[in-house]
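The data block below is protein-v3.cif; it holds mmCIF, C-alpha atoms.
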```cif
data_start
loop_
_atom_site.label_atom_id
_atom_site.label_comp_id
_atom_site.auth_asym_id
_atom_site.auth_seq_id
_atom_site.Cartn_x
_atom_site.Cartn_y
_atom_site.Cartn_z
CA MET A 1 -92.08 145.75 89.98
CA GLY A 2 -92.36 144.46 86.38
CA PHE A 3 -94.87 141.83 85.43
CA PRO A 4 -93.47 138.26 85.18
CA LYS A 5 -93.64 136.14 82.02
CA HIS A 6 -94.84 133.07 83.94
CA GLY A 7 -96.03 132.19 87.43
CA GLU A 8 -98.78 130.72 89.55
CA ALA A 9 -102.47 131.45 89.02
CA SER A 10 -105.56 130.60 91.01
CA THR A 11 -109.24 131.32 90.44
CA TYR A 12 -111.87 133.47 92.15
CA SER A 13 -113.98 131.92 94.89
CA ASP A 14 -117.77 131.83 94.56
CA PHE A 15 -117.93 134.47 97.30
CA PHE A 16 -116.72 137.18 94.89
CA GLN A 17 -119.35 136.57 92.21
CA GLY A 18 -121.15 139.91 91.72
CA LYS A 19 -118.58 142.00 93.63
CA THR A 20 -117.23 145.25 92.18
CA THR A 21 -113.75 144.99 90.68
CA SER A 22 -111.01 147.63 90.76
CA ASN A 23 -112.06 149.20 87.45
CA GLY A 24 -115.77 149.25 88.37
CA ASP A 25 -116.80 146.08 86.51
CA THR A 26 -118.91 143.44 88.21
CA TYR A 27 -117.03 140.17 88.64
CA ASN A 28 -118.64 137.32 86.70
CA HIS A 29 -117.46 133.69 86.63
CA GLU A 30 -118.48 133.48 82.96
CA LYS A 31 -116.27 136.36 81.70
CA TYR A 32 -112.57 136.13 80.76
CA THR A 33 -110.89 138.40 83.30
CA ALA A 34 -107.97 138.45 85.74
CA ALA A 35 -106.78 140.17 88.91
CA LEU A 36 -103.19 141.33 89.45
CA LEU A 37 -101.45 139.78 92.48
CA PRO A 38 -99.95 140.68 94.94
CA LYS A 39 -100.20 144.35 96.03
CA SER A 40 -96.65 145.13 94.86
CA ARG A 41 -97.76 144.36 91.27
CA TRP A 42 -101.08 146.23 91.34
CA HIS A 43 -99.71 148.97 89.09
CA ALA A 44 -97.40 146.83 86.97
CA LEU A 45 -100.09 146.75 84.27
CA HIS A 46 -102.90 149.18 83.45
CA MET A 47 -106.47 148.13 84.10
CA GLY A 48 -107.88 146.91 80.79
CA THR A 49 -104.62 145.32 79.58
CA LEU A 50 -105.22 142.08 77.68
CA LEU A 51 -103.05 139.07 78.48
CA LYS A 52 -102.64 135.82 76.57
CA LEU A 53 -102.02 132.99 79.02
CA THR A 54 -100.65 129.57 78.13
CA TYR A 55 -100.99 126.43 80.22
CA HIS A 56 -100.00 123.02 78.82
CA GLY A 57 -100.60 124.22 75.26
CA ARG A 58 -104.01 125.77 75.96
CA LYS A 59 -104.26 129.51 75.44
CA VAL A 60 -106.78 132.05 76.63
CA VAL A 61 -107.00 135.85 76.43
CA VAL A 62 -108.17 137.70 79.55
CA LYS A 63 -108.77 141.34 80.47
CA VAL A 64 -107.06 142.65 83.61
CA ASN A 65 -109.85 144.41 85.51
CA ASP A 66 -109.08 143.75 89.17
CA ARG A 67 -106.50 143.70 91.95
CA GLY A 68 -106.30 140.97 94.55
CA ALA A 69 -104.61 140.38 97.88
CA GLY A 70 -103.08 137.12 96.63
CA LYS A 71 -101.34 134.48 98.64
CA ILE A 72 -100.52 135.69 102.14
CA VAL A 73 -98.17 133.64 104.32
CA ASP A 74 -97.64 134.68 107.95
CA GLY A 75 -99.20 138.06 107.23
CA HIS A 76 -96.92 138.78 104.25
CA ALA A 77 -97.71 138.66 100.53
CA ASP A 78 -96.09 135.83 98.59
CA GLY A 79 -95.07 137.01 95.11
CA SER A 80 -95.15 133.55 93.51
CA ARG A 81 -98.83 133.87 92.62
CA VAL A 82 -99.23 136.45 89.88
CA LEU A 83 -102.85 136.26 88.70
CA ASP A 84 -106.27 135.25 89.89
CA LEU A 85 -108.32 134.12 86.90
CA SER A 86 -112.04 134.22 86.35
CA ARG A 87 -113.65 130.81 86.56
CA ALA A 88 -114.18 130.66 82.76
CA ALA A 89 -110.50 131.34 81.98
CA TYR A 90 -109.23 128.95 84.64
CA ALA A 91 -111.65 126.19 83.62
CA TYR A 92 -110.67 126.38 79.96
CA LEU A 93 -106.95 126.24 80.76
CA ILE A 94 -107.36 123.07 82.83
CA GLY A 95 -109.68 121.50 80.25
CA LYS A 96 -112.93 121.63 82.24
CA LYS A 97 -116.31 123.30 81.91
CA VAL A 98 -117.00 126.35 84.13
CA THR A 99 -119.62 124.40 86.06
CA GLU A 100 -117.13 121.61 86.83
CA VAL A 101 -114.83 123.94 88.80
CA THR A 102 -115.82 124.58 92.42
CA ASP A 103 -114.21 126.22 95.43
CA ASP A 104 -113.40 122.73 96.71
CA ASN A 105 -111.62 121.38 93.63
CA ALA A 106 -110.00 124.61 92.37
CA GLY A 107 -106.25 124.66 92.84
CA VAL A 108 -103.21 126.58 91.72
CA ILE A 109 -101.70 126.18 88.25
CA GLN A 110 -98.29 127.17 86.92
CA LEU A 111 -98.77 129.33 83.82
CA ASP A 112 -96.15 128.56 81.16
CA ASP A 113 -96.43 131.93 79.45
CA ILE A 114 -98.00 135.34 80.13
CA LYS A 115 -97.95 137.74 77.21
CA ILE A 116 -99.44 141.22 76.71
CA VAL A 117 -101.52 141.30 73.51
CA PRO A 118 -103.05 144.24 71.58
CA PRO A 119 -106.37 145.66 72.85
CA THR A 120 -108.05 144.52 69.63
CA THR A 121 -107.43 140.84 70.47
CA ARG A 122 -110.58 138.78 70.95
CA LEU A 123 -111.19 137.78 74.59
CA GLY A 124 -111.61 134.13 75.51
CA ARG A 125 -110.37 130.81 74.23
CA CYS A 126 -107.69 130.82 71.55
CA ILE A 127 -108.68 128.06 69.19
CA GLU A 128 -107.22 129.62 66.06
CA PRO A 129 -103.58 128.94 65.13
CA GLU A 130 -101.18 131.57 66.44
CA LYS A 131 -99.55 132.27 63.05
CA PRO A 132 -101.53 132.48 59.82
CA ILE A 133 -100.96 129.52 57.53
CA THR A 134 -99.16 130.66 54.38
CA PRO A 135 -100.82 129.06 51.37
CA VAL A 136 -98.45 127.20 49.05
CA ARG A 137 -98.42 128.79 45.64
CA SER A 138 -98.93 126.41 42.78
CA LYS A 139 -96.80 127.04 39.75
CA MET B 1 -110.28 173.45 94.99
CA SER B 2 -109.48 170.91 97.68
CA ASP B 3 -109.72 173.57 100.43
CA ILE B 4 -113.15 174.65 99.16
CA ARG B 5 -114.29 171.04 99.26
CA HIS B 6 -113.02 170.69 102.85
CA LEU B 7 -114.76 173.91 103.85
CA TRP B 8 -118.00 172.73 102.28
CA LEU B 9 -117.69 169.36 104.04
CA ALA B 10 -116.96 171.09 107.33
CA TRP B 11 -120.11 173.23 107.06
CA THR B 12 -122.17 170.23 106.04
CA LEU B 13 -120.89 168.19 108.95
CA PHE B 14 -121.47 171.06 111.37
CA PHE B 15 -125.11 171.38 110.35
CA ALA B 16 -125.46 167.62 110.30
CA SER B 17 -124.26 167.51 113.91
CA LEU B 18 -126.90 170.13 114.81
CA ALA B 19 -129.46 167.98 113.06
CA CYS B 20 -128.65 165.15 115.46
CA ALA B 21 -129.74 167.29 118.41
CA ASN B 22 -132.93 168.63 116.83
CA PRO B 23 -135.87 167.11 115.00
CA PRO B 24 -134.36 166.28 111.59
CA PHE B 25 -137.44 166.96 109.47
CA PRO B 26 -138.52 169.18 107.94
CA ALA B 27 -136.16 171.93 109.22
CA HIS B 28 -132.95 170.20 108.15
CA GLY B 29 -134.29 168.38 105.13
CA SER B 30 -132.15 170.39 102.73
CA ILE B 31 -128.97 169.57 104.68
CA LEU B 32 -129.77 165.89 104.63
CA GLU B 33 -130.48 166.15 100.92
CA LYS B 34 -127.06 167.72 100.35
CA ILE B 35 -125.34 164.90 102.24
CA ALA B 36 -127.33 162.21 100.50
CA PHE B 37 -126.99 163.49 96.95
CA SER B 38 -123.61 165.24 96.89
CA HIS B 39 -120.48 163.86 95.22
CA LEU B 40 -119.53 162.18 98.52
CA ASP B 41 -120.36 158.46 98.48
CA ASP B 42 -120.61 156.14 101.48
CA LEU B 43 -120.35 159.05 103.95
CA GLN B 44 -120.10 157.91 107.56
CA ILE B 45 -119.53 160.03 110.68
CA ILE B 46 -118.94 158.53 114.13
CA GLY B 47 -117.72 159.74 117.51
CA ALA B 48 -113.99 159.54 118.08
CA ASP B 49 -113.46 160.44 121.71
CA THR B 50 -114.33 159.22 125.14
CA GLU B 51 -117.95 159.06 126.21
CA ASN B 52 -117.74 162.33 128.24
CA ASP B 53 -116.06 164.39 125.54
CA LYS B 54 -118.15 164.81 122.41
CA TYR B 55 -116.04 167.17 120.33
CA TRP B 56 -114.30 164.75 117.97
CA ARG B 57 -115.67 162.90 114.98
CA TRP B 58 -114.22 160.46 112.47
CA ALA B 59 -115.61 160.86 108.96
CA ALA B 60 -115.03 158.57 105.98
CA TRP B 61 -116.33 158.76 102.45
CA SER B 62 -115.35 157.88 98.89
CA GLU B 63 -114.99 160.00 95.79
CA SER B 64 -114.52 159.32 92.10
CA SER B 65 -112.26 161.35 89.84
CA GLU B 66 -110.39 160.97 86.55
CA ASN B 67 -107.62 159.27 88.51
CA GLY B 68 -110.02 156.62 89.80
CA PRO B 69 -111.86 156.11 93.06
CA SER B 70 -110.39 157.15 96.41
CA VAL B 71 -111.33 156.84 100.08
CA LYS B 72 -110.92 159.71 102.54
CA LEU B 73 -110.64 159.46 106.30
CA ALA B 74 -110.79 162.66 108.35
CA LEU B 75 -110.73 163.60 112.01
CA LEU B 76 -113.03 166.53 112.76
CA ASN B 77 -113.30 168.76 115.80
CA HIS B 78 -116.19 171.07 116.67
CA LYS B 79 -115.13 172.39 120.05
CA THR B 80 -115.43 175.97 118.75
CA LYS B 81 -118.24 177.32 116.56
CA ASN B 82 -116.46 176.06 113.47
CA VAL B 83 -115.82 172.49 112.43
CA ASP B 84 -112.10 171.98 111.84
CA ILE B 85 -110.54 169.15 109.90
CA LYS B 86 -107.66 168.26 112.20
CA TRP B 87 -106.27 165.40 110.14
CA TYR B 88 -106.88 163.91 106.75
CA SER B 89 -105.83 160.74 104.89
CA ASP B 90 -106.35 159.81 101.24
CA LYS B 91 -106.39 156.20 99.96
CA GLN B 92 -106.03 155.97 96.19
CA ASP B 93 -107.64 153.21 94.07
CA ALA B 94 -109.98 152.50 96.98
CA TYR B 95 -113.74 152.37 97.39
CA GLY B 96 -116.47 151.13 99.74
CA PRO B 97 -115.17 152.55 103.06
CA VAL B 98 -116.67 151.38 106.34
CA ILE B 99 -115.68 152.81 109.74
CA THR B 100 -116.39 151.03 113.01
CA ARG B 101 -115.58 151.99 116.58
CA VAL B 102 -114.57 148.82 118.40
CA VAL B 103 -115.44 149.74 121.97
CA ASN B 104 -113.62 146.86 123.66
CA TRP B 105 -110.42 147.48 121.69
CA ARG B 106 -108.83 150.55 123.22
CA HIS B 107 -105.79 152.72 122.73
CA GLY B 108 -105.35 154.77 125.88
CA GLN B 109 -108.76 156.15 126.80
CA HIS B 110 -110.14 155.99 123.29
CA PRO B 111 -111.85 153.12 121.49
CA ILE B 112 -109.99 152.03 118.37
CA LEU B 113 -111.35 153.08 115.00
CA VAL B 114 -111.31 150.40 112.31
CA LEU B 115 -111.45 151.53 108.69
CA THR B 116 -112.02 148.92 105.99
CA TYR B 117 -112.11 149.64 102.29
CA ARG B 118 -111.87 147.73 99.03
CA GLN B 119 -109.15 147.97 96.43
CA GLY B 120 -110.49 145.15 94.30
CA ALA B 121 -113.24 142.53 94.33
CA GLU B 122 -110.85 140.30 96.25
CA ALA B 123 -108.69 142.89 98.00
CA GLN B 124 -109.93 144.48 101.21
CA GLN B 125 -107.72 146.58 103.47
CA VAL B 126 -108.24 147.04 107.21
CA GLU B 127 -106.56 149.84 109.17
CA LEU B 128 -106.70 150.45 112.94
CA TYR B 129 -106.43 154.00 114.29
CA GLY B 130 -106.07 155.37 117.79
CA LEU B 131 -105.67 158.86 119.22
CA ASP B 132 -102.69 159.94 121.27
CA GLU B 133 -102.94 162.11 124.42
CA LYS B 134 -103.17 165.23 122.21
CA ASN B 135 -105.91 163.66 120.05
CA ARG B 136 -103.58 163.12 117.11
CA PRO B 137 -104.41 160.03 115.01
CA LEU B 138 -102.03 157.08 115.07
CA LEU B 139 -102.11 154.23 112.55
CA LEU B 140 -101.77 151.27 114.91
CA ASP B 141 -101.88 148.36 112.47
CA LYS B 142 -103.03 147.46 108.96
CA ARG B 143 -103.66 144.23 107.06
CA LEU B 144 -104.72 143.21 103.58
CA GLY B 145 -106.94 140.25 102.78
CA GLU B 146 -109.33 139.03 100.14
CA GLN B 147 -112.22 139.56 102.55
CA ILE B 148 -112.49 140.89 106.10
CA GLU B 149 -115.16 139.93 108.63
CA TRP B 150 -115.89 140.32 112.33
CA ARG B 151 -116.59 137.39 114.66
CA ILE B 152 -117.40 136.97 118.32
CA GLY B 153 -115.11 134.75 120.37
CA ILE B 154 -116.18 132.15 122.91
CA GLN B 155 -115.84 134.67 125.75
CA GLY B 156 -117.57 137.43 123.83
CA GLU B 157 -114.37 139.04 122.63
CA THR B 158 -114.17 140.82 119.27
CA VAL B 159 -112.27 138.84 116.64
CA LEU B 160 -111.13 140.13 113.25
CA SER B 161 -111.09 137.48 110.50
CA ILE B 162 -108.95 138.11 107.44
CA TYR B 163 -109.50 135.69 104.57
CA SER B 164 -106.81 134.83 102.05
CA LYS B 165 -106.23 131.99 99.62
CA PRO B 166 -103.02 130.14 100.49
CA TYR B 167 -104.06 127.23 98.25
CA GLY B 168 -107.17 127.19 96.11
CA HIS B 169 -109.87 128.25 98.55
CA LEU B 170 -110.45 130.98 101.14
CA VAL B 171 -109.01 130.42 104.61
CA PRO B 172 -109.47 132.80 107.58
CA VAL B 173 -106.74 133.97 109.93
CA CYS B 174 -108.16 135.49 113.12
CA TYR B 175 -106.78 138.37 115.15
CA GLY B 176 -107.48 139.97 118.50
CA TRP B 177 -106.19 143.30 119.85
CA GLN B 178 -103.18 143.01 122.14
CA ASP B 179 -103.42 146.04 124.40
CA GLU B 180 -99.92 145.74 125.91
CA LYS B 181 -98.21 145.28 122.54
CA LYS B 182 -100.48 147.82 120.81
CA ARG B 183 -101.02 145.62 117.76
CA LEU B 184 -103.10 142.80 116.33
CA GLU B 185 -102.08 139.31 117.35
CA SER B 186 -103.22 136.12 115.64
CA LEU B 187 -105.36 133.68 117.61
CA LEU B 188 -107.36 130.53 116.97
CA CYS B 189 -110.52 131.26 115.01
CA PRO B 190 -113.66 130.70 117.10
#
```

Step by step, read the file and then write its structure as structure tokens.
Amino acid sequence: MGFPKHGEASTYSDFFQGKTTSNGDTYNHEKYTAALLPKSRWHALHMGTLLKLTYHGRKVVVKVNDRGAGKIVDGHADGSRVLDLSRAAYAYLIGKKVTEVTDDNAGVIQLDDIKIVPPTTRLGRCIEPEKPITPVRSK
Amino acid sequence: MSDIRHLWLAWTLFFASLACANPPFPAHGSILEKIAFSHLDDLQIIGADTENDKYWRWAAWSESSENGPSVKLALLNHKTKNVDIKWYSDKQDAYGPVITRVVNWRHGQHPILVLTYRQGAEAQQVELYGLDEKNRPLLLDKRLGEQIEWRIGIQGETVLSIYSKPYGHLVPVCYGWQDEKKRLESLLCP
């Protein structure tokens, strides 16, 4: 199954803070990471792939380092949810601080765009313009 | 290479089973050291058969290789002088195996074996195994959740809780073993 260009995303629960991820990292709310959902997409991208995610104009770059069970309805995986985001990535996209997001108020967001970016891309919030500004030459 | 590893494991398990019947230290210290510090992680060995028949063992462990971590589940028999691996299963991209014999969940005469292992921080798989009349393993049921836990029901029954995130937060769905249907069946969480 290929990886979709948009779709639903949720965020990790507090319970998983400090747990070992699929690639051997330790999950941390403060890092910019993501888990592939559901099981049918676990191998759609390599561990370590960087993704640029867009939500209502906000952009963030995350590293795929985990696999998650995802949304399960009546015992079956629902493919509508594509990523589970670390708390830092999720909080930035919805315009909140990490400490303002809790298990109780975290919801599901619809990502407008999911794009694979080069491994040299800086992780975290994208506050720089996407295209370099071409200076106007003075005659 | 794989056969050599199995042979080594078989010998280790055979001596480990002897160690259970004798004082473990200091005579079998070196065997215990091998088990503790070998490339096998999370090694667990438990009885697989009925209480009167002690020849079968389930063993689970995890290994790391260039292809990533994997979990192994094996059924061992030591009815003769040698330990034989009668059956073997390999779970790729998996780690942290735990095996449990649920004594009040039964398949035929045998208690059901429950294997849980992780495939991600928020992906935990549970698999239920039984033995047929010829002691061949049968995968009875399997489920995936973000987290798996055991509970005790109001009447003391064993309840399996599988957590997933249908909305934004974790919600458990509980299951009990349905002996007639030979599968897990959802029930109200205690």

Margin query: Evaluate the PyMOL selection byres ((chain B) within 7 of (chain A)) against this structure - the residues, as a PyMOL selection string, please.
Written below: chain B and resi 119-123+144-146+164-169

Checklist line | Residue members of the PyMOL selection byres ((chain B and resi 137-140) around 9) in the file shown, as a list in words | finding: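 Evaluating the PyMOL selection byres ((chain B and resi 137-140) around 9) on these coordinates yields Leu75, Trp87, His107, Ile112, Glu127, Leu128, Tyr129, Gly130, Leu131, Asp132, Lys134, Asn135, Arg136, Asp141, Lys142, Lys182, Arg183 and Leu184 of chain B.
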
Notebook entry, point to check: How many Å separate atom CA of Tyr55 of chain B from atom CA of Val98 of chain B?
Noted result: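 Separating atom CA of Tyr55 of chain B from atom CA of Val98 of chain B is a distance of 21.1 Å.
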
Hits of the PyMOL selection byres ((chain A and resi 49) around 7) in this structure, as a PDB file with C-alpha atoms, in the frame of the given file:
```pdb
ATOM      1  CA  LEU A  45    -100.090 146.750  84.270  1.00  0.00           C
ATOM      2  CA  HIS A  46    -102.900 149.180  83.450  1.00  0.00           C
ATOM      3  CA  MET A  47    -106.470 148.130  84.100  1.00  0.00           C
ATOM      4  CA  GLY A  48    -107.880 146.910  80.790  1.00  0.00           C
ATOM      5  CA  LEU A  50    -105.220 142.080  77.680  1.00  0.00           C
ATOM      6  CA  LEU A  51    -103.050 139.070  78.480  1.00  0.00           C
ATOM      7  CA  LYS A  63    -108.770 141.340  80.470  1.00  0.00           C
ATOM      8  CA  VAL A  64    -107.060 142.650  83.610  1.00  0.00           C
ATOM      9  CA  PRO A 119    -106.370 145.660  72.850  1.00  0.00           C
TER      10      PRO A 119
END
```

Next item on the list: Rounded to one decimal place, report the atom CA of His6 of chain A-atom CA of Lys97 of chain A distance in Å.
Entry: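 Those two atoms sit 23.7 Å apart.
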
Notebook entry, point to check: Around (-108.9, 139.7, 106.9) in the file's frame, which residues reach within 6 Å when counting all atoms listed in the file? Return as an MDAnalysis selection string?
Noted result: chainID B and resid 145 147:148 161:163

Serialized selection, C-alpha atoms, as a PDB file, in the coordinates of the input:
```
ATOM      1  CA  GLY B 145    -106.940 140.250 102.780  1.00  0.00           C
ATOM      2  CA  GLN B 147    -112.220 139.560 102.550  1.00  0.00           C
ATOM      3  CA  ILE B 148    -112.490 140.890 106.100  1.00  0.00           C
ATOM      4  CA  SER B 161    -111.090 137.480 110.500  1.00  0.00           C
ATOM      5  CA  ILE B 162    -108.950 138.110 107.440  1.00  0.00           C
ATOM      6  CA  TYR B 163    -109.500 135.690 104.570  1.00  0.00           C
TER       7      TYR B 163
END
```

Checklist line | Long-range neighbours of Asp90 of chain B as JSON, numbers by chain, 7 Å cut-off, only C-alpha atoms, 4 positions minimum in chain | finding: {"B": [70, 71, 72, 73]}

Check: Excluding same-chain residues fewer than 5 positions from Lys91 of chain B, what lies within 12 Å of it counting only C-alpha atoms, as number ranges by chain?
Finding: B: 60-64, 67-74, 96-97, 115-119, 125-127

Would you kindly return, as a compact mmCIF listing (two decimals) with C-alpha atoms, in the coordinates of the input, each protein, DNA or RNA residue with an atom no farther than 12 Å from any atom of Ile94 of chain A, considering all atoms listed in the file and excluding same-chain residues fewer than 2 positions away?
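So part_6.txt came out as:
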```txt
# COMPACT_ATOMS: atom_id res chain seq x y z
CA ALA A 9 -102.47 131.45 89.02
CA SER A 10 -105.56 130.60 91.01
CA THR A 11 -109.24 131.32 90.44
CA LEU A 53 -102.02 132.99 79.02
CA THR A 54 -100.65 129.57 78.13
CA TYR A 55 -100.99 126.43 80.22
CA HIS A 56 -100.00 123.02 78.82
CA GLY A 57 -100.60 124.22 75.26
CA ARG A 58 -104.01 125.77 75.96
CA LYS A 59 -104.26 129.51 75.44
CA VAL A 60 -106.78 132.05 76.63
CA LEU A 85 -108.32 134.12 86.90
CA ARG A 87 -113.65 130.81 86.56
CA ALA A 88 -114.18 130.66 82.76
CA ALA A 89 -110.50 131.34 81.98
CA TYR A 90 -109.23 128.95 84.64
CA ALA A 91 -111.65 126.19 83.62
CA TYR A 92 -110.67 126.38 79.96
CA LYS A 96 -112.93 121.63 82.24
CA LYS A 97 -116.31 123.30 81.91
CA VAL A 98 -117.00 126.35 84.13
CA GLU A 100 -117.13 121.61 86.83
CA VAL A 101 -114.83 123.94 88.80
CA ASN A 105 -111.62 121.38 93.63
CA ALA A 106 -110.00 124.61 92.37
CA GLY A 107 -106.25 124.66 92.84
CA VAL A 108 -103.21 126.58 91.72
CA ILE A 109 -101.70 126.18 88.25
CA GLN A 110 -98.29 127.17 86.92
CA LEU A 111 -98.77 129.33 83.82
CA ARG A 125 -110.37 130.81 74.23
```

Margin query: Give me, as a list in words, all polymer residues having an atom no more than 7 Å from Gly124 of chain A, counting all atoms listed in the file and skipping those fewer than 5 positions away in the same chain.
Written below: Tyr32, Val60, Val61 and Val62 of chain A
